[in-house]
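A.B. asks: Structure: upload-v2.txt, compact mmCIF, C-alpha atoms and all ligand atoms.
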# COMPACT_ATOMS: atom_id res chain seq x y z
CA MET A 1 24.25 -23.06 -46.19
CA ILE A 2 22.01 -21.74 -43.43
CA PHE A 3 19.69 -24.58 -42.55
CA LEU A 4 16.53 -24.76 -40.56
CA PRO A 5 16.13 -27.30 -37.79
CA LYS A 6 14.97 -30.74 -38.88
CA THR A 7 16.47 -30.59 -42.36
CA ARG A 8 17.34 -34.26 -42.04
CA SER A 9 14.94 -36.60 -40.36
CA ASN A 10 17.59 -38.71 -38.60
CA PHE A 11 19.31 -35.65 -37.10
CA GLN A 12 18.88 -34.43 -33.54
CA CYS A 13 18.38 -30.67 -33.54
CA LEU A 14 19.65 -28.47 -30.75
CA GLU A 15 18.90 -24.79 -30.47
CA PHE A 16 20.30 -22.53 -27.75
CA ASP A 17 20.05 -18.80 -27.21
CA ARG A 18 21.56 -18.36 -23.75
CA VAL A 19 24.85 -20.22 -23.57
CA SER A 20 27.48 -18.14 -21.78
CA PRO A 21 27.90 -14.35 -21.97
CA ASP A 22 31.10 -13.08 -23.53
CA LYS A 23 33.96 -12.82 -21.03
CA SER A 24 35.92 -10.05 -22.80
CA LEU A 25 32.85 -7.81 -23.05
CA SER A 26 31.76 -8.58 -19.49
CA HIS A 27 35.14 -7.43 -18.10
CA ARG A 28 35.11 -4.33 -20.28
CA SER A 29 31.52 -3.42 -19.40
CA ILE A 30 32.65 -3.05 -15.76
CA ILE A 31 36.10 -1.51 -16.27
CA PHE A 32 35.03 1.12 -18.82
CA SER A 33 32.44 2.51 -16.39
CA PHE A 34 35.42 4.18 -14.66
CA LEU A 35 35.74 6.44 -17.71
CA THR A 36 32.08 7.44 -17.64
CA GLN A 37 29.72 9.68 -15.78
CA GLY A 38 26.40 8.33 -14.53
CA ARG A 39 24.98 4.86 -14.09
CA SER A 40 25.60 2.16 -16.69
CA GLU A 41 23.41 -0.89 -17.16
CA ILE A 42 24.74 -4.31 -18.09
CA GLU A 43 22.37 -7.10 -19.07
CA ASN A 44 23.49 -10.72 -19.24
CA PHE A 45 26.81 -10.18 -17.44
CA LEU A 46 28.91 -13.37 -17.25
CA ASP A 47 28.64 -14.89 -13.80
CA SER A 48 32.04 -16.62 -13.57
CA GLN A 49 35.18 -16.56 -11.43
CA ASP A 50 37.17 -14.28 -13.78
CA THR A 51 34.45 -11.67 -14.13
CA TYR A 52 33.71 -11.89 -10.39
CA ALA A 53 37.33 -10.76 -9.82
CA THR A 54 36.74 -7.71 -12.03
CA LEU A 55 33.48 -6.84 -10.27
CA GLN A 56 35.07 -7.16 -6.82
CA ILE A 57 37.95 -4.87 -7.82
CA ALA A 58 35.50 -2.30 -9.18
CA LYS A 59 33.80 -2.33 -5.76
CA THR A 60 37.16 -2.08 -3.93
CA LEU A 61 37.88 1.01 -6.03
CA GLY A 62 34.61 2.54 -4.88
CA ALA A 63 32.16 1.78 -7.72
CA LYS A 64 28.51 1.53 -6.67
CA VAL A 65 27.24 -1.81 -7.93
CA GLN A 66 23.65 -3.00 -7.79
CA LYS A 67 22.19 -6.24 -9.14
CA LYS A 68 18.53 -6.10 -10.12
CA ASN A 69 16.39 -8.13 -12.56
CA GLN A 70 19.37 -10.02 -14.08
CA ARG A 71 21.11 -6.71 -14.66
CA ILE A 72 24.09 -4.99 -13.11
CA PHE A 73 23.96 -1.24 -12.56
CA ILE A 74 27.32 0.37 -12.02
CA GLU A 75 28.35 3.91 -11.22
CA SER A 76 31.99 4.85 -10.86
CA PRO A 77 33.15 6.83 -7.82
CA LYS A 78 34.09 10.51 -7.98
CA GLU A 79 37.48 9.62 -6.49
CA ILE A 80 39.23 6.33 -6.12
CA PRO A 81 41.25 5.32 -3.04
CA GLN A 82 44.97 6.18 -3.02
CA GLN A 83 45.86 2.66 -1.95
CA ALA A 84 44.20 -0.66 -2.65
CA ASN A 85 44.87 -4.41 -2.73
CA LEU A 86 43.51 -5.84 -5.95
CA GLN A 87 43.04 -9.62 -6.13
CA CYS A 88 42.70 -10.71 -9.77
CA LEU A 89 42.41 -14.49 -9.05
CA ASN A 90 43.08 -16.29 -12.37
CA SER A 91 42.25 -13.41 -14.69
CA GLY A 92 44.93 -11.85 -16.90
CA THR A 93 42.35 -9.51 -18.44
CA THR A 94 41.45 -8.14 -14.99
CA MET A 95 45.09 -7.57 -14.05
CA ARG A 96 46.27 -6.01 -17.30
CA LEU A 97 43.23 -3.79 -17.97
CA PHE A 98 43.02 -2.44 -14.40
CA ALA A 99 46.77 -1.77 -14.49
CA GLY A 100 46.23 0.34 -17.62
CA LEU A 101 43.27 2.17 -16.08
CA LEU A 102 45.06 2.90 -12.78
CA SER A 103 48.34 4.04 -14.36
CA SER A 104 47.01 7.58 -14.54
CA LYS A 105 45.65 7.69 -10.97
CA SER A 106 47.98 8.91 -8.26
CA GLY A 107 48.15 6.11 -5.74
CA GLN A 108 49.68 2.72 -5.02
CA PHE A 109 47.88 -0.41 -6.04
CA LEU A 110 48.98 -3.91 -5.09
CA PHE A 111 48.02 -6.41 -7.80
CA ASP A 112 48.00 -10.12 -7.07
CA GLY A 113 46.57 -13.32 -8.51
CA ASP A 114 46.48 -17.08 -8.08
CA LYS A 115 49.43 -19.41 -8.71
CA SER A 116 48.81 -19.49 -12.47
CA LEU A 117 48.42 -15.71 -12.83
CA ARG A 118 51.60 -15.13 -10.77
CA GLN A 119 53.49 -16.98 -13.50
CA ARG A 120 52.12 -14.98 -16.41
CA PRO A 121 54.28 -12.25 -17.96
CA MET A 122 53.53 -8.65 -16.99
CA GLN A 123 56.64 -7.15 -18.60
CA ARG A 124 54.48 -6.67 -21.69
CA ILE A 125 52.42 -4.02 -19.84
CA LYS A 126 55.22 -2.82 -17.55
CA THR A 127 57.32 -1.53 -20.46
CA PRO A 128 54.73 0.70 -22.17
CA LEU A 129 53.08 1.90 -18.95
CA GLU A 130 56.48 2.88 -17.51
CA LEU A 131 57.40 4.69 -20.72
CA MET A 132 54.26 6.73 -20.15
CA GLY A 133 55.30 7.56 -16.58
CA ALA A 134 53.74 4.94 -14.26
CA SER A 135 55.83 2.36 -12.40
CA ILE A 136 55.33 -1.37 -11.84
CA SER A 137 57.53 -3.02 -9.23
CA SER A 138 57.96 -6.47 -10.82
CA PRO A 139 57.43 -8.24 -14.16
CA TYR A 140 55.32 -10.87 -12.33
CA ALA A 141 52.49 -10.56 -9.83
CA PRO A 142 52.39 -9.65 -7.04
CA PHE A 143 53.46 -6.14 -8.04
CA VAL A 144 52.81 -2.59 -6.91
CA LEU A 145 51.63 -0.14 -9.54
CA ARG A 146 52.40 3.49 -8.78
CA GLY A 147 50.17 5.65 -10.90
CA ASN A 148 51.02 9.09 -12.25
CA SER A 149 48.38 11.72 -12.94
CA GLN A 150 50.71 13.30 -15.54
CA LEU A 151 51.18 10.37 -17.96
CA ARG A 152 52.87 11.18 -21.29
CA GLY A 153 51.36 10.18 -24.61
CA ILE A 154 53.84 7.92 -26.46
CA GLU A 155 54.26 5.94 -29.67
CA TYR A 156 54.68 2.22 -28.99
CA HIS A 157 54.96 -1.03 -30.92
CA SER A 158 54.10 -4.20 -28.99
CA GLU A 159 56.14 -7.32 -29.77
CA VAL A 160 53.15 -9.48 -28.86
CA SER A 161 49.76 -9.25 -30.50
CA SER A 162 47.62 -9.11 -27.39
CA ALA A 163 44.27 -7.47 -26.76
CA GLN A 164 45.05 -7.26 -23.06
CA VAL A 165 48.26 -5.31 -23.67
CA LYS A 166 46.61 -3.10 -26.27
CA SER A 167 43.66 -2.41 -23.96
CA ALA A 168 45.94 -1.56 -21.01
CA PHE A 169 47.76 0.89 -23.29
CA ILE A 170 44.54 2.48 -24.58
CA LEU A 171 43.13 2.92 -21.07
CA ALA A 172 46.31 4.69 -19.96
CA ALA A 173 46.60 6.73 -23.17
CA LEU A 174 43.04 8.05 -22.83
CA CYS A 175 44.13 9.76 -19.60
CA ALA A 176 47.60 10.91 -20.76
CA ASN A 177 48.80 14.34 -21.84
CA GLY A 178 48.99 14.31 -25.61
CA GLU A 179 48.18 11.81 -28.32
CA SER A 180 49.49 8.20 -28.28
CA LYS A 181 50.07 5.71 -31.06
CA TYR A 182 50.06 1.94 -30.75
CA SER A 183 50.80 -0.88 -33.16
CA GLU A 184 51.20 -4.65 -33.03
CA ASP A 185 52.30 -7.16 -35.68
CA GLU A 186 48.84 -8.62 -36.18
CA LEU A 187 45.64 -6.91 -35.07
CA SER A 188 44.36 -8.52 -31.85
CA ARG A 189 40.68 -8.62 -30.84
CA ASN A 190 39.31 -5.08 -31.02
CA HIS A 191 36.51 -4.83 -28.43
CA THR A 192 38.19 -2.02 -26.51
CA GLU A 193 38.52 0.26 -29.54
CA ARG A 194 35.01 -0.58 -30.71
CA PHE A 195 33.30 -0.10 -27.36
CA LEU A 196 35.08 3.15 -26.44
CA THR A 197 34.72 4.67 -29.91
CA HIS A 198 31.02 3.87 -29.72
CA LEU A 199 30.89 5.95 -26.51
CA GLY A 200 32.65 8.87 -28.21
CA ALA A 201 36.36 8.32 -27.45
CA LYS A 202 38.70 9.41 -30.25
CA ILE A 203 40.53 6.24 -31.24
CA THR A 204 41.34 6.12 -34.93
CA HIS A 205 43.22 3.77 -37.24
CA LEU A 206 46.02 5.11 -39.39
CA GLN A 207 47.53 2.35 -41.56
CA ASN A 208 48.57 -0.27 -39.00
CA GLN A 209 48.58 2.13 -36.05
CA ILE A 210 45.90 3.11 -33.59
CA CYS A 211 45.92 6.79 -32.57
CA ILE A 212 44.44 7.56 -29.18
CA SER A 213 43.50 11.11 -28.21
CA PRO A 214 43.18 11.85 -24.50
CA LEU A 215 39.62 12.23 -23.23
CA THR A 216 38.61 15.83 -22.71
CA CYS A 217 35.70 14.85 -20.47
CA LEU A 218 34.12 11.72 -19.06
CA LEU A 219 32.27 9.50 -21.53
CA PRO A 220 28.50 8.99 -21.27
CA SER A 221 27.12 6.00 -19.36
CA TYR A 222 25.92 3.04 -21.42
CA LYS A 223 23.48 0.16 -21.65
CA ILE A 224 24.83 -3.10 -22.97
CA LYS A 225 23.42 -6.59 -23.40
CA ILE A 226 26.29 -9.08 -23.50
CA PRO A 227 25.99 -11.64 -26.33
CA ASN A 228 27.14 -15.27 -26.12
CA ASP A 229 30.87 -15.85 -26.01
CA PRO A 230 32.20 -17.36 -29.28
CA SER A 231 35.07 -18.90 -27.28
CA SER A 232 32.55 -20.83 -25.15
CA VAL A 233 30.24 -21.56 -28.09
CA MET A 234 33.32 -23.08 -29.81
CA PHE A 235 33.14 -26.06 -27.42
CA LEU A 236 29.54 -26.74 -28.45
CA VAL A 237 30.43 -26.29 -32.12
CA VAL A 238 33.20 -28.89 -31.87
CA ALA A 239 30.88 -31.12 -29.82
CA CYS A 240 28.34 -30.97 -32.65
CA LEU A 241 30.95 -31.59 -35.36
CA ILE A 242 32.38 -34.71 -33.72
CA SER A 243 28.97 -36.13 -32.74
CA SER A 244 27.03 -38.14 -35.22
CA CYS A 245 23.89 -36.67 -36.72
CA VAL A 246 23.43 -33.50 -34.69
CA GLU A 247 22.39 -30.07 -35.93
CA LEU A 248 23.03 -27.05 -33.74
CA LYS A 249 21.87 -23.46 -33.84
CA VAL A 250 23.13 -20.90 -31.33
CA SER A 251 21.72 -17.38 -31.49
CA GLN A 252 22.90 -14.12 -29.93
CA VAL A 253 26.57 -15.03 -30.53
CA LEU A 254 29.27 -12.36 -30.63
CA LEU A 255 30.44 -12.51 -34.27
CA ASN A 256 33.09 -9.80 -34.18
CA PRO A 257 35.46 -10.66 -37.10
CA THR A 258 38.43 -10.78 -34.67
CA ARG A 259 36.71 -13.57 -32.74
CA ILE A 260 35.40 -16.02 -35.33
CA TYR A 261 38.56 -17.11 -37.09
CA ALA A 262 38.52 -20.56 -35.48
CA PHE A 263 35.12 -21.13 -37.09
CA GLU A 264 36.67 -20.24 -40.45
CA ILE A 265 39.40 -22.83 -39.83
CA LEU A 266 36.76 -25.44 -39.01
CA LYS A 267 35.08 -24.62 -42.34
CA LYS A 268 38.42 -25.23 -44.08
CA MET A 269 38.47 -28.60 -42.33
CA GLY A 270 35.15 -29.46 -43.98
CA ALA A 271 32.80 -28.40 -41.19
CA GLN A 272 29.26 -27.65 -42.29
CA LEU A 273 29.03 -24.36 -40.46
CA ASP A 274 27.55 -21.01 -41.26
CA TYR A 275 26.65 -17.76 -39.52
CA GLU A 276 24.25 -14.95 -40.04
CA VAL A 277 24.80 -11.41 -38.73
CA VAL A 278 21.68 -9.99 -37.12
CA GLU A 279 23.05 -6.83 -35.50
CA ASP A 280 26.13 -4.71 -36.22
CA GLY A 281 26.35 -1.82 -33.74
CA LEU A 282 28.58 -1.64 -30.70
CA GLU A 283 29.35 -5.27 -31.63
CA THR A 284 28.54 -7.75 -34.39
CA ILE A 285 26.01 -10.30 -33.16
CA GLY A 286 24.17 -13.13 -34.88
CA ASN A 287 23.41 -16.83 -35.25
CA ILE A 288 25.65 -19.76 -35.88
CA TYR A 289 24.57 -23.02 -37.50
CA VAL A 290 26.53 -26.28 -37.43
CA ARG A 291 25.99 -29.87 -38.52
CA SER A 292 28.03 -33.00 -37.58
CA SER A 293 30.69 -33.31 -40.30
CA GLU A 294 33.62 -35.37 -41.53
CA LEU A 295 36.71 -33.25 -40.87
CA ARG A 296 40.07 -33.20 -42.63
CA GLY A 297 43.51 -31.96 -41.49
CA VAL A 298 44.49 -28.32 -41.92
CA GLU A 299 47.52 -26.04 -41.52
CA VAL A 300 47.15 -22.94 -39.38
CA SER A 301 49.78 -20.20 -39.14
CA THR A 302 48.10 -16.78 -39.41
CA HIS A 303 45.84 -14.69 -37.19
CA LEU A 304 46.69 -16.80 -34.17
CA SER A 305 45.69 -13.97 -31.84
CA TRP A 306 42.19 -14.14 -33.33
CA MET A 307 41.70 -17.69 -32.10
CA ILE A 308 44.11 -17.98 -29.20
CA ASP A 309 41.35 -19.14 -26.82
CA GLU A 310 39.86 -21.58 -29.33
CA ILE A 311 43.00 -23.56 -30.17
CA PRO A 312 42.58 -26.21 -27.44
CA ALA A 313 39.09 -27.10 -28.74
CA LEU A 314 40.38 -26.86 -32.31
CA CYS A 315 43.04 -29.44 -31.42
CA ILE A 316 40.28 -31.88 -30.42
CA ALA A 317 38.65 -31.34 -33.83
CA MET A 318 42.06 -31.91 -35.45
CA ALA A 319 42.54 -35.15 -33.52
CA CYS A 320 39.16 -36.33 -34.88
CA ALA A 321 39.97 -35.30 -38.48
CA LYS A 322 41.33 -37.41 -41.34
CA GLY A 323 44.99 -36.53 -41.98
CA THR A 324 47.54 -34.36 -40.24
CA SER A 325 47.05 -30.82 -38.94
CA ILE A 326 49.78 -28.33 -38.17
CA ILE A 327 49.65 -25.23 -35.94
CA ARG A 328 52.54 -22.71 -36.12
CA HIS A 329 53.18 -19.17 -34.81
CA ALA A 330 51.18 -19.98 -31.71
CA GLN A 331 53.94 -19.38 -29.11
CA GLU A 332 51.55 -17.14 -27.12
CA LEU A 333 49.76 -20.34 -26.07
CA ARG A 334 52.69 -20.99 -23.74
CA PHE A 335 51.77 -17.88 -21.69
CA LYS A 336 48.11 -18.61 -21.02
CA GLU A 337 46.47 -20.10 -17.89
CA SER A 338 48.75 -23.09 -18.54
CA ASP A 339 51.43 -23.65 -21.19
CA ARG A 340 48.74 -24.79 -23.59
CA ILE A 341 51.13 -26.30 -26.12
CA ALA A 342 52.67 -28.54 -23.45
CA THR A 343 49.37 -29.42 -21.74
CA MET A 344 47.54 -30.22 -25.02
CA VAL A 345 50.43 -32.37 -26.24
CA LEU A 346 50.64 -34.31 -22.95
CA ASN A 347 46.91 -34.98 -22.80
CA LEU A 348 46.54 -35.89 -26.49
CA LYS A 349 49.40 -38.39 -26.18
CA GLN A 350 47.83 -39.79 -23.03
CA LEU A 351 44.72 -40.58 -25.07
CA GLY A 352 46.63 -42.29 -27.89
CA ILE A 353 46.80 -39.44 -30.43
CA GLU A 354 50.07 -39.03 -32.34
CA VAL A 355 51.27 -35.50 -31.76
CA GLY A 356 54.54 -33.59 -32.25
CA GLU A 357 55.52 -30.45 -30.33
CA PHE A 358 57.21 -27.33 -31.78
CA ASP A 359 58.32 -24.23 -29.87
CA ASP A 360 55.46 -22.35 -31.51
CA GLY A 361 52.86 -25.03 -32.11
CA MET A 362 52.17 -28.69 -32.74
CA GLU A 363 51.42 -31.34 -35.35
CA ILE A 364 48.42 -33.57 -34.75
CA LYS A 365 47.73 -36.76 -36.65
CA GLY A 366 44.01 -37.45 -36.76
CA GLY A 367 43.06 -40.83 -35.29
CA GLU A 368 40.94 -42.61 -32.70
CA PHE A 369 41.00 -41.47 -29.09
CA GLN A 370 41.49 -44.16 -26.47
CA ASP A 371 39.64 -44.22 -23.14
CA GLY A 372 41.72 -42.64 -20.39
CA VAL A 373 42.38 -40.10 -17.66
CA VAL A 374 43.83 -36.64 -18.26
CA GLN A 375 44.51 -33.53 -16.16
CA SER A 376 43.12 -30.01 -16.58
CA TYR A 377 46.31 -28.44 -15.20
CA GLY A 378 43.95 -25.89 -13.64
CA ASP A 379 43.28 -24.46 -17.10
CA HIS A 380 39.57 -24.04 -17.93
CA ARG A 381 40.01 -24.33 -21.70
CA ILE A 382 42.12 -27.49 -21.39
CA ALA A 383 39.48 -29.01 -19.08
CA MET A 384 36.56 -28.20 -21.40
CA SER A 385 38.43 -29.38 -24.51
CA PHE A 386 39.18 -32.82 -23.10
CA ALA A 387 35.66 -33.18 -21.72
CA LEU A 388 34.60 -33.14 -25.41
CA VAL A 389 36.36 -36.46 -25.91
CA GLY A 390 33.61 -37.90 -23.68
CA ILE A 391 31.31 -37.69 -26.72
CA ARG A 392 33.32 -40.53 -28.26
CA ARG A 393 35.13 -42.35 -25.45
CA ARG A 394 35.12 -42.99 -21.71
CA ILE A 395 37.23 -40.23 -20.31
CA GLU A 396 37.98 -38.68 -16.97
CA VAL A 397 39.31 -35.13 -16.76
CA ARG A 398 40.82 -34.44 -13.33
CA GLY A 399 40.42 -30.90 -11.98
CA MET A 400 37.22 -29.91 -13.80
CA GLU A 401 36.27 -27.28 -11.19
CA CYS A 402 38.24 -24.70 -13.22
CA VAL A 403 35.34 -24.47 -15.72
CA GLN A 404 34.01 -21.93 -13.17
CA ILE A 405 36.59 -19.50 -14.55
CA SER A 406 34.74 -18.84 -17.81
CA PHE A 407 31.81 -21.22 -18.45
CA PRO A 408 30.23 -22.46 -15.21
CA ARG A 409 27.21 -24.02 -17.00
CA TYR A 410 29.34 -25.99 -19.50
CA PHE A 411 28.15 -29.47 -18.43
CA GLU A 412 24.47 -28.54 -18.77
CA PHE A 413 25.20 -28.06 -22.49
CA LEU A 414 27.74 -30.82 -23.04
CA LYS A 415 25.23 -33.30 -21.63
CA PHE A 416 23.02 -32.88 -24.72
CA PHE A 417 25.85 -34.23 -26.87
CA THR A 418 27.05 -37.01 -24.56
CA ASP A 419 23.42 -38.17 -24.22
CA PHE A 420 23.18 -38.65 -28.02
CA LYS A 421 26.31 -40.79 -28.04
CA GLU A 422 25.66 -44.06 -29.85
C1 LIG A 501 41.36 -11.27 -23.85
C2 LIG A 501 42.39 -11.34 -24.72
C3 LIG A 501 43.07 -12.58 -25.07
C4 LIG A 501 42.38 -13.82 -24.52
C5 LIG A 501 41.79 -13.63 -23.17
C6 LIG A 501 40.86 -12.45 -23.12
C7 LIG A 501 40.72 -9.96 -23.62
O1 LIG A 501 44.37 -12.50 -24.59
O2 LIG A 501 43.25 -14.92 -24.52
O3 LIG A 501 41.07 -14.79 -22.78
O4 LIG A 501 39.60 -9.93 -23.09
O5 LIG A 501 41.32 -8.94 -23.99
P1 LIG A 501 45.53 -11.73 -25.41
O6 LIG A 501 44.95 -11.16 -26.67
O7 LIG A 501 45.97 -10.66 -24.50
O8 LIG A 501 46.52 -12.80 -25.69
Let me see the file written as structure tokens.
Ligand code: S3P
C.D. replies:
Amino acid sequence: MIFLPKTRSNFQCLEFDRVSPDKSLSHRSIIFSFLTQGRSEIENFLDSQDTYATLQIAKTLGAKVQKKNQRIFIESPKEIPQQANLQCLNSGTTMRLFAGLLSSKSGQFLFDGDKSLRQRPMQRIKTPLELMGASISSPYAPFVLRGNSQLRGIEYHSEVSSAQVKSAFILAALCANGESKYSEDELSRNHTERFLTHLGAKITHLQNQICISPLTCLLPSYKIKIPNDPSSVMFLVVACLISSCVELKVSQVLLNPTRIYAFEILKKMGAQLDYEVVEDGLETIGNIYVRSSELRGVEVSTHLSWMIDEIPALCIAMACAKGTSIIRHAQELRFKESDRIATMVLNLKQLGIEVGEFDDGMEIKGGEFQDGVVQSYGDHRIAMSFALVGIRRRIEVRGMECVQISFPRYFEFLKFFTDFKE
């Protein structure tokens, strides 16, 4: 159904190519330079609070970082300090991936974060990294990681499907003695495997396990241009769907199959939405096309880890749909920047939507939003999701400054949709 702009004369057409660079790839493009030799070049790095935390930690660990012509050049140090204080702010990815990377370095590293990150579970990385031979002083930040230059390769099954846990494991396993194997119930986003394999690391899939061979030498440096973040583009997609008579095209979007499942769910809901792959190398990248659509309720209970960041925006689409939607097996939402099941339910109720809460999800009856005031609870994705309601109603979201965490330019884009409001 790929359409060209202006297919319908009464439609407003929006076309964007630079929305917001992908957060997962931005973090990884910095952290993976510690496994390489030489200077890597990153174009279109996400300038946000989370990725700033990663960049600052890279510098604390001795990386040489230069910014020139919208690019970041990074070269890892020959040796990293034996002691360091690492402030991860709000970013779970920063904390978990650096913990994995530093597990094999002899030294003591104090990891800390903001109030929200201090409440997020770290036992999920503590267990496997300690089985390999590192030690982590507490299951919550702040904690001290004591690295071990003689890590053991192990076989491990993670109870949670989490790309952060898997990536921490892979980063440690690449510097261990002997091969490691890792599995999780449902495959989580696979950027780490894809990126590092592209550079020459030996990470293979055997049935539902990943086998990681230790690196025998440093990987080559790389050049990467970060595509748009599908988790940020999701807000614009939902904005388009719930607007009347808007067509949207976004190009240069990361279309990795483990990141676009929420778009598939929107299609099931009746969204007129399509994508087109343009590039399929280190990552899958392409265009996405959307048109304002009538939505219907849907049930969602599989591949939750493939759309964990998109569920808050998906809930707004569900609240605007005809009929009831159900989300199950989404208990991981309770361990994000806020307990996203609780915060979505509270805010939806506050705006007059009928919603039921389960331990692992929620039931949302589509209806009409009322005008009102809601809270972000310091959670960027909750803030951006409820700002979408502004397309239809008068709404105030308190605590919007947290959009800085992942999508600082959000309002520049949302404005296009609120301006079309009838
Ligand atoms: C991320 C993984 C996801 C996601 C987070 C970024 C990553 O978390 O929620 O925003 O970059 O690896 P989990 O897969 O660990 O739940």
A.B. asks: Which residue out of A:Phe111, A:Phe98, A:Phe369, A:Tyr289 has the minimum interatomic distance to ligand LIG 501 (chain A) when all atoms listed in the file are used?
C.D. replies: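 Using all atoms listed in the file, the shortest distance to ligand LIG 501 (chain A) belongs to A:Phe98.
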A.B. asks: Of the candidates A:Thr343, A:Asn287, A:Asn190, A:Ser244, which one gets nearest to Asp419 of chain A if we count only C-alpha atoms?
C.D. replies: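 Nearest to Asp419 of chain A: A:Ser244.
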A.B. asks: Could you jot down the atom CA of Gln108 of chain A to atom CA of Ile80 of chain A separation for me, Å, one decimal place?
C.D. replies: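 Atom-to-atom, atom CA of Gln108 of chain A to atom CA of Ile80 of chain A, that is 11.1 Å.
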A.B. asks: What's the separation between atom CA of Leu55 of chain A and atom CA of Ser406 of chain A, in Å to one decimal place?
C.D. replies: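 Atom CA of Leu55 of chain A sits 14.2 Å away from atom CA of Ser406 of chain A.
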A.B. asks: One number please: atom CA of Pro214 of chain A to atom CA of Lys202 of chain A, in Å, one decimal.
C.D. replies: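 About the pair atom CA of Pro214 of chain A and atom CA of Lys202 of chain A: they are 7.7 Å apart.
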A.B. asks: Name the residues, using the chain letters and numbers of the file, that sit within 7 Å of (50.3, -0.8, -8.9) when counting all atoms listed in the file, and give them as an MDAnalysis selection string.
C.D. replies: chainID A and resid 99 108:111 136 143:147
A.B. asks: If you count all atoms listed in the file, which residues fall within 6 Å of segment 40-52 of chain A, apart from same-chain ones fewer than 5 positions away, as a VMD selection string?
C.D. replies: chain A and resid 21 26 to 27 71 to 74 91 221 to 226 404 to 406
A.B. asks: Generate the output file for the selected residues, C-alpha atoms, as a PDB file, keeping the file's coordinate frame.
C.D. replies:
ATOM      1  CA  PRO A  21      27.900 -14.350 -21.970  1.00  0.00           C
ATOM      2  CA  SER A  26      31.760  -8.580 -19.490  1.00  0.00           C
ATOM      3  CA  HIS A  27      35.140  -7.430 -18.100  1.00  0.00           C
ATOM      4  CA  ARG A  71      21.110  -6.710 -14.660  1.00  0.00           C
ATOM      5  CA  ILE A  72      24.090  -4.990 -13.110  1.00  0.00           C
ATOM      6  CA  PHE A  73      23.960  -1.240 -12.560  1.00  0.00           C
ATOM      7  CA  ILE A  74      27.320   0.370 -12.020  1.00  0.00           C
ATOM      8  CA  SER A  91      42.250 -13.410 -14.690  1.00  0.00           C
ATOM      9  CA  SER A 221      27.120   6.000 -19.360  1.00  0.00           C
ATOM     10  CA  TYR A 222      25.920   3.040 -21.420  1.00  0.00           C
ATOM     11  CA  LYS A 223      23.480   0.160 -21.650  1.00  0.00           C
ATOM     12  CA  ILE A 224      24.830  -3.100 -22.970  1.00  0.00           C
ATOM     13  CA  LYS A 225      23.420  -6.590 -23.400  1.00  0.00           C
ATOM     14  CA  ILE A 226      26.290  -9.080 -23.500  1.00  0.00           C
ATOM     15  CA  GLN A 404      34.010 -21.930 -13.170  1.00  0.00           C
ATOM     16  CA  ILE A 405      36.590 -19.500 -14.550  1.00  0.00           C
ATOM     17  CA  SER A 406      34.740 -18.840 -17.810  1.00  0.00           C
TER      18      SER A 406
END
A.B. asks: Excluding same-chain residues fewer than 2 positions from Cys217 of chain A, what lies within 10 Å of it counting only C-alpha atoms, as a PDB file with C-alpha atoms, keeping the file's coordinate frame?
C.D. replies:
ATOM      1  CA  LEU A  35      35.740   6.440 -17.710  1.00  0.00           C
ATOM      2  CA  THR A  36      32.080   7.440 -17.640  1.00  0.00           C
ATOM      3  CA  GLN A  37      29.720   9.680 -15.780  1.00  0.00           C
ATOM      4  CA  CYS A 175      44.130   9.760 -19.600  1.00  0.00           C
ATOM      5  CA  ALA A 201      36.360   8.320 -27.450  1.00  0.00           C
ATOM      6  CA  PRO A 214      43.180  11.850 -24.500  1.00  0.00           C
ATOM      7  CA  LEU A 215      39.620  12.230 -23.230  1.00  0.00           C
ATOM      8  CA  LEU A 219      32.270   9.500 -21.530  1.00  0.00           C
ATOM      9  CA  PRO A 220      28.500   8.990 -21.270  1.00  0.00           C
TER      10      PRO A 220
END
A.B. asks: Show me which residues sit within 7 Å of ligand LIG 501 (chain A) when counting all atoms listed in the file, and put them as a ChimeraX atom specification.
C.D. replies: /A:23-24,93,161-165,167,188-189,305,308-309,332
A.B. asks: Return the single residue from A:Gly399, A:Gly390, A:Pro139, A:Gly100 that is closest to Ala173 of chain A, with distances computed using all atoms listed in the file.
C.D. replies: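 Residue with the minimum atom-to-atom distance to Ala173 of chain A: A:Gly100.
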A.B. asks: If we count all atoms listed in the file, what is near Leu255 of chain A at a cut-off of 7 Å, once residues fewer than 4 positions away on the same chain are taken out, given as a ChimeraX atom specification?
C.D. replies: /A:259-260,284-286
A.B. asks: Nearest to Phe235 of chain A among A:Ala313, A:Val277, A:Leu151, A:Val290, with distances taken over all atoms listed in the file: which residue is it?
C.D. replies: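 That would be A:Ala313, the residue with the smallest distance to Phe235 of chain A.
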A.B. asks: What's around Asn90 of chain A at 7 Å? Count only C-alpha atoms, leave out sequence neighbours fewer than 5 positions away in its own chain, and write the answer as a ChimeraX atom specification.
C.D. replies: /A:50,113-114,116-117
